[in-house]
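Next comes upload_13.cif, a file with mmCIF, C-alpha atoms.
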```cif
data_model
loop_
_atom_site.label_atom_id
_atom_site.label_comp_id
_atom_site.auth_asym_id
_atom_site.auth_seq_id
_atom_site.Cartn_x
_atom_site.Cartn_y
_atom_site.Cartn_z
CA MET I 24 0.00 0.00 0.00
CA ASN I 25 1.48 3.32 -0.97
CA GLU I 26 2.18 6.24 1.33
CA GLU I 27 -0.92 8.16 0.31
CA LEU I 28 -3.25 5.29 1.15
CA THR I 29 -1.44 4.71 4.43
CA GLN I 30 -2.01 8.34 5.39
CA LEU I 31 -5.66 8.08 4.41
CA GLU I 32 -5.99 4.95 6.53
CA ALA I 33 -4.46 6.77 9.50
CA GLU I 34 -6.84 9.66 9.00
CA LEU I 35 -9.81 7.31 8.97
CA ARG I 36 -8.63 5.70 12.19
CA ARG I 37 -8.67 9.10 13.87
CA LEU I 38 -12.40 9.38 13.24
CA ARG I 39 -14.17 8.29 16.40
CA PRO I 40 -17.46 6.43 16.05
CA ALA I 41 -20.37 8.23 17.71
CA PRO I 42 -20.90 7.15 21.33
CA VAL I 43 -23.69 4.91 22.53
CA SER I 44 -26.78 6.93 23.39
CA PRO I 45 -28.03 7.10 26.98
CA ALA I 46 -31.32 5.62 25.77
CA LEU I 47 -29.58 2.51 24.48
CA GLN I 48 -27.65 2.19 27.72
CA ARG I 49 -30.91 2.34 29.66
CA ARG I 50 -32.47 -0.32 27.47
CA ILE I 51 -29.51 -2.63 27.93
CA ALA I 52 -29.53 -2.00 31.68
CA ALA I 53 -33.21 -2.92 31.80
CA ASP I 54 -32.56 -6.06 29.76
CA LEU I 55 -29.69 -7.19 31.95
CA SER I 56 -31.52 -6.50 35.17
CA GLY I 57 -34.74 -8.05 33.93
CA ALA I 58 -36.63 -4.95 35.04
CA GLY I 59 -40.36 -5.22 34.54
CA ALA I 60 -39.93 -8.73 33.33
CA VAL I 61 -40.24 -12.28 34.45
CA PRO I 62 -37.78 -13.18 37.24
CA ALA I 63 -34.63 -15.01 36.24
CA PRO I 64 -35.05 -18.77 36.59
CA ARG I 65 -31.67 -19.40 38.20
CA LEU I 66 -32.83 -17.77 41.38
CA TRP I 67 -35.23 -20.43 42.36
CA SER I 68 -35.97 -23.14 39.87
CA TRP I 69 -33.52 -25.70 41.12
CA LEU I 70 -34.18 -24.84 44.73
CA ALA I 71 -37.86 -25.56 44.72
CA VAL I 72 -38.48 -28.59 42.60
CA PRO I 73 -42.05 -29.23 43.74
CA ALA I 74 -43.05 -25.64 43.08
CA ALA I 75 -41.26 -25.70 39.77
CA ALA I 76 -43.04 -28.88 38.81
CA GLY I 77 -46.38 -27.26 39.51
CA LEU I 78 -45.46 -24.20 37.53
CA ALA I 79 -44.19 -26.38 34.72
CA ALA I 80 -47.55 -28.04 34.55
CA VAL I 81 -49.19 -24.66 34.13
CA LEU I 82 -46.69 -23.67 31.48
CA ALA I 83 -47.20 -26.97 29.73
CA GLN I 84 -50.87 -26.11 29.50
CA VAL I 85 -49.90 -22.83 27.87
CA ALA I 86 -47.66 -24.66 25.46
CA GLU I 87 -50.31 -27.19 24.62
CA SER I 88 -52.70 -24.41 23.82
CA ARG I 89 -50.31 -23.66 20.95
CA LEU I 90 -48.97 -20.53 22.54
CA ALA I 91 -51.84 -18.31 21.52
CA PRO I 92 -50.66 -14.76 20.75
CA ALA I 93 -53.06 -13.38 23.33
CA ALA I 94 -51.31 -15.26 26.12
CA ALA I 95 -49.32 -12.93 28.35
CA THR I 96 -47.76 -12.61 31.74
CA ALA I 97 -49.24 -10.56 34.49
CA ASP I 98 -47.51 -7.37 33.34
CA GLY I 99 -48.75 -7.96 29.81
CA ALA I 100 -45.30 -7.51 28.24
CA PHE I 101 -43.73 -10.95 27.79
CA ARG I 102 -45.37 -13.69 25.81
CA PRO I 103 -44.37 -17.34 25.44
CA VAL I 104 -43.03 -17.95 21.95
CA ALA I 105 -41.47 -21.40 22.16
CA ALA I 106 -41.72 -24.49 24.34
CA GLU I 107 -39.66 -27.64 24.50
CA LYS I 108 -40.03 -30.77 26.62
CA LEU I 109 -36.94 -32.92 27.15
CA LEU I 110 -37.17 -36.36 28.78
CA VAL I 111 -34.12 -36.67 31.02
CA SER I 112 -34.70 -40.03 32.66
CA ALA I 113 -37.32 -42.72 33.12
CA ARG I 114 -37.47 -45.34 35.84
CA ASP I 115 -39.79 -48.31 35.99
CA GLU I 116 -40.73 -48.80 39.64
CA GLY I 117 -42.48 -52.08 39.00
CA VAL I 118 -45.91 -53.33 39.88
CA VAL I 119 -47.77 -51.66 42.75
CA THR I 120 -51.12 -52.10 44.37
CA LEU I 121 -53.26 -48.99 44.56
CA ASP I 122 -55.56 -48.07 47.47
CA ASP I 123 -58.55 -49.53 45.74
CA GLY I 124 -56.76 -52.80 45.19
CA THR I 125 -56.04 -52.24 41.53
CA THR I 126 -52.75 -53.62 40.29
CA ALA I 127 -50.74 -51.15 38.25
CA ARG I 128 -47.26 -50.47 36.93
CA ARG I 129 -45.63 -47.25 38.12
CA ARG I 130 -43.11 -45.28 36.01
CA ARG I 131 -41.35 -42.15 37.17
CA LEU I 132 -40.25 -39.71 34.43
CA HIS I 133 -38.09 -36.62 34.75
CA PHE I 134 -38.42 -33.82 32.22
CA LEU I 135 -36.77 -30.48 31.59
CA ASP I 136 -39.29 -28.02 30.21
CA THR I 137 -37.96 -24.93 28.49
CA ILE I 138 -40.19 -21.97 27.77
CA VAL I 139 -38.98 -18.91 25.89
CA TRP I 140 -40.76 -15.64 26.58
CA ARG I 141 -40.35 -12.56 24.44
CA ASP I 142 -41.34 -8.94 24.80
CA PRO I 143 -42.38 -7.86 21.29
CA ARG I 144 -41.78 -4.20 22.12
CA THR I 145 -38.09 -4.57 22.95
CA ASN I 146 -37.36 -8.03 21.57
CA ALA I 147 -35.94 -8.92 24.98
CA SER I 148 -36.31 -12.58 25.81
CA VAL I 149 -36.32 -14.73 28.92
CA THR I 150 -35.78 -18.46 28.93
CA TRP I 151 -37.16 -20.60 31.73
CA THR I 152 -35.84 -24.09 32.21
CA LEU I 153 -37.83 -26.03 34.78
CA PRO I 154 -37.40 -29.58 36.06
CA ARG I 155 -40.58 -31.63 36.21
CA GLU I 156 -41.34 -35.05 37.62
CA GLU I 157 -44.18 -37.10 36.24
CA VAL I 158 -45.48 -40.37 37.73
CA ARG I 159 -47.48 -42.56 35.42
CA ILE I 160 -49.71 -45.29 36.79
CA VAL I 161 -50.77 -47.81 34.20
CA PRO I 162 -53.27 -50.51 35.31
CA VAL I 163 -52.16 -54.03 34.44
CA SER I 164 -54.05 -57.26 34.25
CA PHE I 165 -52.61 -60.74 34.57
CA GLN I 166 -54.21 -63.31 32.35
CA MET W 27 -17.15 -11.32 37.01
CA ALA W 28 -19.70 -13.61 38.49
CA ASN W 29 -22.62 -11.23 38.57
CA PRO W 30 -24.12 -10.93 35.09
CA THR W 31 -25.76 -7.65 35.97
CA ASP W 32 -22.58 -6.03 37.25
CA HIS W 33 -23.44 -2.50 36.20
CA ALA W 34 -19.97 -0.97 36.15
CA ALA W 35 -18.45 -3.90 34.29
CA TRP W 36 -20.87 -4.00 31.40
CA GLN W 37 -21.02 -0.22 31.14
CA SER W 38 -17.27 -0.06 30.87
CA TRP W 39 -17.34 -2.74 28.20
CA LEU W 40 -20.13 -0.97 26.32
CA GLN W 41 -18.33 2.37 26.39
CA ARG W 42 -15.26 0.75 24.94
CA PHE W 43 -16.81 -1.41 22.25
CA GLY W 44 -20.33 -0.01 21.84
CA PRO W 45 -19.50 2.85 19.44
CA LYS W 46 -17.56 0.51 17.16
CA LEU W 47 -20.35 -2.05 17.25
CA LEU W 48 -22.94 0.58 16.40
CA LEU W 49 -20.89 1.71 13.44
CA CYS W 50 -20.56 -1.89 12.26
CA ALA W 51 -24.28 -2.45 12.78
CA ARG W 52 -25.07 0.59 10.65
CA GLN W 53 -23.54 -1.21 7.67
CA TRP W 54 -26.28 -3.81 7.82
CA THR W 55 -29.28 -1.81 8.98
CA ARG W 56 -31.38 0.94 7.46
CA THR W 57 -31.52 3.30 10.41
CA ARG W 58 -29.58 4.10 13.54
CA ALA W 59 -32.58 2.90 15.55
CA ASP W 60 -32.30 -0.49 13.86
CA ALA W 61 -28.58 -0.50 14.57
CA GLU W 62 -29.23 0.18 18.25
CA ASP W 63 -31.75 -2.65 18.34
CA VAL W 64 -29.32 -5.20 16.97
CA VAL W 65 -26.47 -3.99 19.17
CA GLN W 66 -28.73 -4.30 22.19
CA GLU W 67 -29.76 -7.83 21.26
CA ALA W 68 -26.21 -8.94 20.49
CA PHE W 69 -24.68 -7.26 23.52
CA VAL W 70 -27.18 -8.73 25.98
CA ARG W 71 -26.69 -12.17 24.46
CA TYR W 72 -22.93 -11.78 24.65
CA TRP W 73 -22.91 -10.51 28.21
CA ARG W 74 -25.19 -13.24 29.47
CA HIS W 75 -23.94 -16.23 27.60
CA GLN W 76 -20.79 -15.65 25.56
CA ARG W 77 -18.35 -13.43 27.39
CA ASP W 78 -16.45 -16.35 28.84
CA LEU W 79 -15.92 -17.92 25.43
CA PRO W 80 -12.35 -17.94 24.12
CA GLY W 81 -11.30 -15.70 21.27
CA ASP W 82 -11.49 -12.03 20.37
CA PRO W 83 -14.64 -10.56 21.98
CA MET W 84 -14.96 -7.89 19.31
CA ALA W 85 -14.98 -10.49 16.54
CA LEU W 86 -17.57 -12.51 18.43
CA MET W 87 -19.72 -9.45 18.97
CA VAL W 88 -19.48 -8.35 15.34
CA THR W 89 -20.61 -11.78 14.21
CA SER W 90 -23.47 -11.62 16.66
CA VAL W 91 -24.41 -8.12 15.56
CA ARG W 92 -24.45 -9.13 11.92
CA ARG W 93 -26.63 -12.14 12.67
CA ALA W 94 -29.05 -9.97 14.62
CA ALA W 95 -29.12 -7.47 11.76
CA LEU W 96 -29.93 -10.20 9.25
CA ASP W 97 -32.69 -11.48 11.53
CA LEU W 98 -34.07 -7.97 11.79
CA ALA W 99 -34.01 -7.54 8.03
CA ARG W 100 -36.17 -10.65 7.74
CA ARG W 101 -38.76 -9.21 10.07
CA GLU W 102 -40.06 -6.80 7.47
CA GLY W 103 -43.30 -6.09 9.25
CA ARG W 104 -41.51 -5.04 12.39
CA ARG W 105 -39.20 -2.76 10.48
CA ALA W 106 -42.03 -1.01 8.69
CA ARG W 107 -43.90 -0.53 11.93
CA ARG W 108 -40.92 0.95 13.70
CA ASP W 109 -40.13 3.30 10.83
CA ASP W 110 -43.58 4.77 11.30
CA LEU W 111 -42.64 5.88 14.79
CA ALA W 112 -41.99 9.59 14.78
CA GLY W 113 -38.46 10.73 15.33
CA ARG W 114 -36.72 7.41 15.01
CA GLY W 115 -36.48 6.05 11.49
CA GLY W 116 -34.26 7.93 9.12
CA GLU W 117 -33.18 10.66 11.49
CA PRO W 118 -30.00 12.33 10.26
CA VAL W 119 -27.56 11.17 12.92
CA GLY W 120 -23.84 11.17 12.08
CA ASN W 121 -21.92 7.97 12.50
CA PHE W 122 -18.86 9.73 13.90
CA ASP W 123 -18.19 11.89 16.88
CA SER W 124 -17.81 15.57 16.22
CA ASN W 125 -15.28 17.54 18.20
CA GLY W 126 -15.66 20.81 16.34
CA GLU W 127 -12.18 20.88 14.88
CA GLY W 128 -11.84 19.68 11.31
CA ASP W 129 -15.55 19.02 11.07
CA GLU W 130 -15.60 19.84 7.39
CA ARG W 131 -12.93 17.28 6.66
CA ARG W 132 -14.65 14.76 8.94
CA ALA W 133 -17.95 15.31 7.14
CA GLY W 134 -16.21 14.92 3.80
CA LEU W 135 -14.64 11.65 4.88
CA GLU W 136 -17.91 10.35 6.25
CA GLU W 137 -19.75 11.22 3.07
CA ALA W 138 -17.07 9.56 1.01
CA VAL W 139 -17.31 6.42 3.14
CA GLN W 140 -21.08 6.42 2.72
CA ARG W 141 -20.73 6.60 -1.05
CA LEU W 142 -18.58 3.48 -1.20
CA PRO W 143 -20.15 0.29 -2.55
CA ALA W 144 -21.68 -1.59 0.37
CA GLU W 145 -19.35 -4.59 0.07
CA GLN W 146 -16.31 -2.32 0.23
CA ARG W 147 -17.69 -0.14 2.99
CA GLU W 148 -18.46 -3.02 5.34
CA VAL W 149 -14.93 -4.39 4.98
CA LEU W 150 -13.47 -0.92 5.55
CA VAL W 151 -15.56 -0.38 8.68
CA LEU W 152 -14.75 -3.79 10.12
CA LYS W 153 -11.04 -3.28 9.45
CA VAL W 154 -10.55 0.36 10.49
CA TRP W 155 -13.04 0.80 13.33
CA GLY W 156 -13.88 -2.80 14.18
CA GLU W 157 -10.14 -3.51 14.31
CA LEU W 158 -10.63 -7.00 12.93
CA THR W 159 -8.04 -8.89 10.95
CA PHE W 160 -8.74 -9.87 7.36
CA GLU W 161 -9.15 -13.45 8.56
CA GLN W 162 -11.79 -12.37 11.07
CA ILE W 163 -13.54 -10.19 8.49
CA ALA W 164 -13.53 -13.09 6.06
CA ALA W 165 -15.10 -15.37 8.66
CA THR W 166 -17.73 -12.78 9.55
CA LEU W 167 -18.73 -12.02 5.97
CA ASP W 168 -18.20 -15.52 4.60
CA LEU W 169 -15.47 -14.42 2.21
CA SER W 170 -11.91 -15.48 1.58
CA PRO W 171 -9.28 -13.37 3.39
CA HIS W 172 -7.89 -12.48 -0.03
CA THR W 173 -11.24 -11.05 -1.12
CA ALA W 174 -11.57 -9.11 2.13
CA ALA W 175 -8.12 -7.60 1.65
CA SER W 176 -8.86 -6.73 -1.97
CA ARG W 177 -12.09 -4.99 -1.05
CA TYR W 178 -10.26 -3.02 1.59
CA ARG W 179 -7.68 -1.81 -0.91
CA TYR W 180 -10.40 -0.93 -3.41
CA ALA W 181 -12.24 1.00 -0.71
CA LEU W 182 -9.17 3.07 0.18
CA ALA W 183 -8.45 3.74 -3.46
CA ALA W 184 -12.05 4.80 -4.06
CA LEU W 185 -11.94 7.09 -1.03
CA ARG W 186 -8.74 8.69 -2.25
CA HIS W 187 -10.33 9.26 -5.63
CA GLN W 188 -13.47 10.77 -4.09
CA LEU W 189 -11.56 13.03 -1.71
CA ALA W 190 -9.29 14.25 -4.48
CA THR W 191 -12.35 15.83 -6.09
CA VAL W 192 -13.69 17.37 -2.87
CA PRO W 193 -12.19 20.59 -1.53
CA CYS W 194 -11.01 20.05 2.02
CA HIS W 195 -10.20 22.73 4.55
CA GLU W 196 -8.67 21.58 7.78
#
```
Transcribe the structure of this file into structure tokens.
Amino acid sequence: MNEELTQLEAELRRLRPAPVSPALQRRIAADLSGAGAVPAPRLWSWLAVPAAAGLAAVLAQVAESRLAPAAATADGAFRPVAAEKLLVSARDEGVVTLDDGTTARRRRLHFLDTIVWRDPRTNASVTWTLPREEVRIVPVSFQ
Amino acid sequence: MANPTDHAAWQSWLQRFGPKLLLCARQWTRTRADAEDVVQEAFVRYWRHQRDLPGDPMALMVTSVRRAALDLARREGRRARRDDLAGRGGEPVGNFDSNGEGDERRAGLEEAVQRLPAEQREVLVLKVWGELTFEQIAATLDLSPHTAASRYRYALAALRHQLATVPCHE
């Protein structure tokens, strides 16, 4: 590269890109702090498995209702946009006898449910990952 | 830094890299508002999930910004809606800081950069202000390093040609 182009390059480098606006800084701060949004899952999800399982059931209902656009959180900003159910483990606990005397097979399944929420106004998103335990009782008959 | 919302840490990072990222984002967006949107999305993603990854953070962020810009471009409805908002779309905001001295020359340079073909301008911006290597630019834009270097040389030559025909008073 000749001297003239090198000087031009140096002159370009001296131009300083315009700074980030205070408004953008505020938006990023709000995003990172989760202000006005759904609480971050890390704070509690793994500490309260039973509560999480209950909440997961509710969210699963939302997911099964095909995530209708009208669905919203209490503050009306975030909406669920994607849901995923991952089977982590399954254990066959064998044949059991229920209270009414019915013979059944009991299976215990562990899922990780992931729900993605998005605020269409800011495009901010929150991802919830919740553990869920499901016990399936299947009546059996011996012939 | 263990706390992902560490205010001072991310603000310091944003002050250092944010202006360069915004300038890069402007190469792939129609308005400064769009550029701010994609920088916000990419920065939050980086700060939450990617800042511990190995490699050059600027290169990672530029890739993330470009991806966010392409996603935004696909959401045509959202773009049209936002452009209808008063005072945002198309506002005449300069891409470079003005310090009063040499403003005429600065404006001339900025205009000349804006007149470059888009494929040359994006390489120039990523190289000069993004401070990426040709290898990193090539990876970001899905080019060969040779092509990236060629476009950079063409951009400088075109700028020199443009500026030679513009009276400059420093």
### Message
To one decimal place in Å, what is the distance between atom CA of Leu49 of chain W and atom CA of Ala133 of chain W?
### Response
15.3 Å
### Task
Could you list, as a count of residues only, the residues of chain W having an atom within 10 Å of chain I when counting only C-alpha atoms?
54
Expected selection from the PyMOL selection byres ((chain W and resi 85) around 10), given as a tab-separated table (two decimals) with C-alpha atoms, keeping the file's coordinate frame:
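Wrote it out as out-v2.tsv, contents follow:
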```tsv
chain	number	residue	atom	x	y	z
W	81	GLY	CA	-11.30	-15.70	21.27
W	82	ASP	CA	-11.49	-12.03	20.37
W	83	PRO	CA	-14.64	-10.56	21.98
W	84	MET	CA	-14.96	-7.89	19.31
W	86	LEU	CA	-17.57	-12.51	18.43
W	87	MET	CA	-19.72	-9.45	18.97
W	88	VAL	CA	-19.48	-8.35	15.34
W	89	THR	CA	-20.61	-11.78	14.21
W	90	SER	CA	-23.47	-11.62	16.66
W	91	VAL	CA	-24.41	-8.12	15.56
W	152	LEU	CA	-14.75	-3.79	10.12
W	156	GLY	CA	-13.88	-2.80	14.18
W	157	GLU	CA	-10.14	-3.51	14.31
W	158	LEU	CA	-10.63	-7.00	12.93
W	159	THR	CA	-8.04	-8.89	10.95
W	162	GLN	CA	-11.79	-12.37	11.07
W	163	ILE	CA	-13.54	-10.19	8.49
W	165	ALA	CA	-15.10	-15.37	8.66
W	166	THR	CA	-17.73	-12.78	9.55
```
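You can rank W:Ala95, W:Val149, W:Tyr72, W:Phe160 by their closest distance to Arg56 of chain W using all atoms listed in the file, and at the top of that list sits W:Ala95.
Going from atom CA of Gln53 of chain W over to atom CA of Ala175 of chain W, you cover 17.7 Å.
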### Query
Quick one, how far is atom CA of Leu98 of chain W from atom CA of Pro80 of chain W?
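Separating atom CA of Leu98 of chain W from atom CA of Pro80 of chain W is a distance of 26.9 Å.
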#### Entry: Neighbour list for Ala61 of chain W as a list of chain:residue names, cut-off 6 Å, only C-alpha atoms, skip fewer than 5 positions in-chain
W:Ala51, W:Arg52, W:Thr55
### Message
Under the rule that all atoms listed in the file are counted, which of I:Thr120, I:Thr152, I:Val104, I:Ser112 is the nearest residue to Leu132 of chain I?
### Response
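Selected residue with least distance to Leu132 of chain I: I:Ser112.
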Determine, counting only C-alpha atoms, which protein, DNA and RNA residues have an atom within 8 Å of an atom of Leu110 of chain I; residues of the same chain fewer than 5 positions away are not included. Present the result as a tab-separated table (two decimals) with C-alpha atoms, in the coordinates of the input.
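Wrote result-v6.tsv, looks like this:
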```tsv
chain	number	residue	atom	x	y	z
I	132	LEU	CA	-40.25	-39.71	34.43
I	133	HIS	CA	-38.09	-36.62	34.75
I	134	PHE	CA	-38.42	-33.82	32.22
I	135	LEU	CA	-36.77	-30.48	31.59
```
### Task
Select all residues near (-38.3, -41.6, 33.9) (cut-off 12 Å, inclusive, file coordinates), counting only C-alpha atoms, and output them as a list in words.
Leu109, Leu110, Val111, Ser112, Ala113, Arg114, Asp115, Glu116, Arg129, Arg130, Arg131, Leu132, His133, Phe134, Leu135, Arg155, Glu156, Glu157, Val158 and Arg159 of chain I
Would you put the residues from that selection into a file with C-alpha atoms, as a CSV table (one decimal), in the coordinates of the input?
```csv
chain,number,residue,atom,x,y,z
I,109,LEU,CA,-36.9,-32.9,27.2
I,110,LEU,CA,-37.2,-36.4,28.8
I,111,VAL,CA,-34.1,-36.7,31.0
I,112,SER,CA,-34.7,-40.0,32.7
I,113,ALA,CA,-37.3,-42.7,33.1
I,114,ARG,CA,-37.5,-45.3,35.8
I,115,ASP,CA,-39.8,-48.3,36.0
I,116,GLU,CA,-40.7,-48.8,39.6
I,129,ARG,CA,-45.6,-47.2,38.1
I,130,ARG,CA,-43.1,-45.3,36.0
I,131,ARG,CA,-41.4,-42.2,37.2
I,132,LEU,CA,-40.2,-39.7,34.4
I,133,HIS,CA,-38.1,-36.6,34.8
I,134,PHE,CA,-38.4,-33.8,32.2
I,135,LEU,CA,-36.8,-30.5,31.6
I,155,ARG,CA,-40.6,-31.6,36.2
I,156,GLU,CA,-41.3,-35.0,37.6
I,157,GLU,CA,-44.2,-37.1,36.2
I,158,VAL,CA,-45.5,-40.4,37.7
I,159,ARG,CA,-47.5,-42.6,35.4
```
#### Entry: Residues within 9 Å of Trp140 of chain I, only C-alpha atoms, excluding chain neighbours under 6 positions, as a list in words
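Non-adjacent residues within range: Val61, Phe101, Arg102, Pro103, Val104, Ala105, Ala147, Ser148, Val149, Thr150 and Trp151 of chain I.
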### Task
Can you give me, as a list of chain:residue names, the residues this file yields under the PyMOL selection byres ((chain I and resi 118) around 6)?
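Selected by the PyMOL selection byres ((chain I and resi 118) around 6) here: I:Gly117, I:Val119, I:Ala127, I:Arg128.
Shortest atom-to-atom contact with Arg93 of chain W among W:Leu167, W:Pro143, W:Ala34, W:Gln76: W:Leu167, counting only C-alpha atoms.
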### Query
What residues come out when you apply the PyMOL selection byres ((chain I and resi 163) around 6) to this file, written as an MDAnalysis selection string?
chainID I and resid 126:127 162 164
At a cut-off of 7 Å, using all atoms listed in the file, what residues contact Gln146 of chain W? Leave out same-chain residues fewer than 6 positions from it and give the result as a tab-separated table (two decimals) with C-alpha atoms, keeping the file's coordinate frame.
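Heads up, here's the output in around_25.tsv:
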```tsv
chain	number	residue	atom	x	y	z
W	177	ARG	CA	-12.09	-4.99	-1.05
W	178	TYR	CA	-10.26	-3.02	1.59
W	181	ALA	CA	-12.24	1.00	-0.71
```
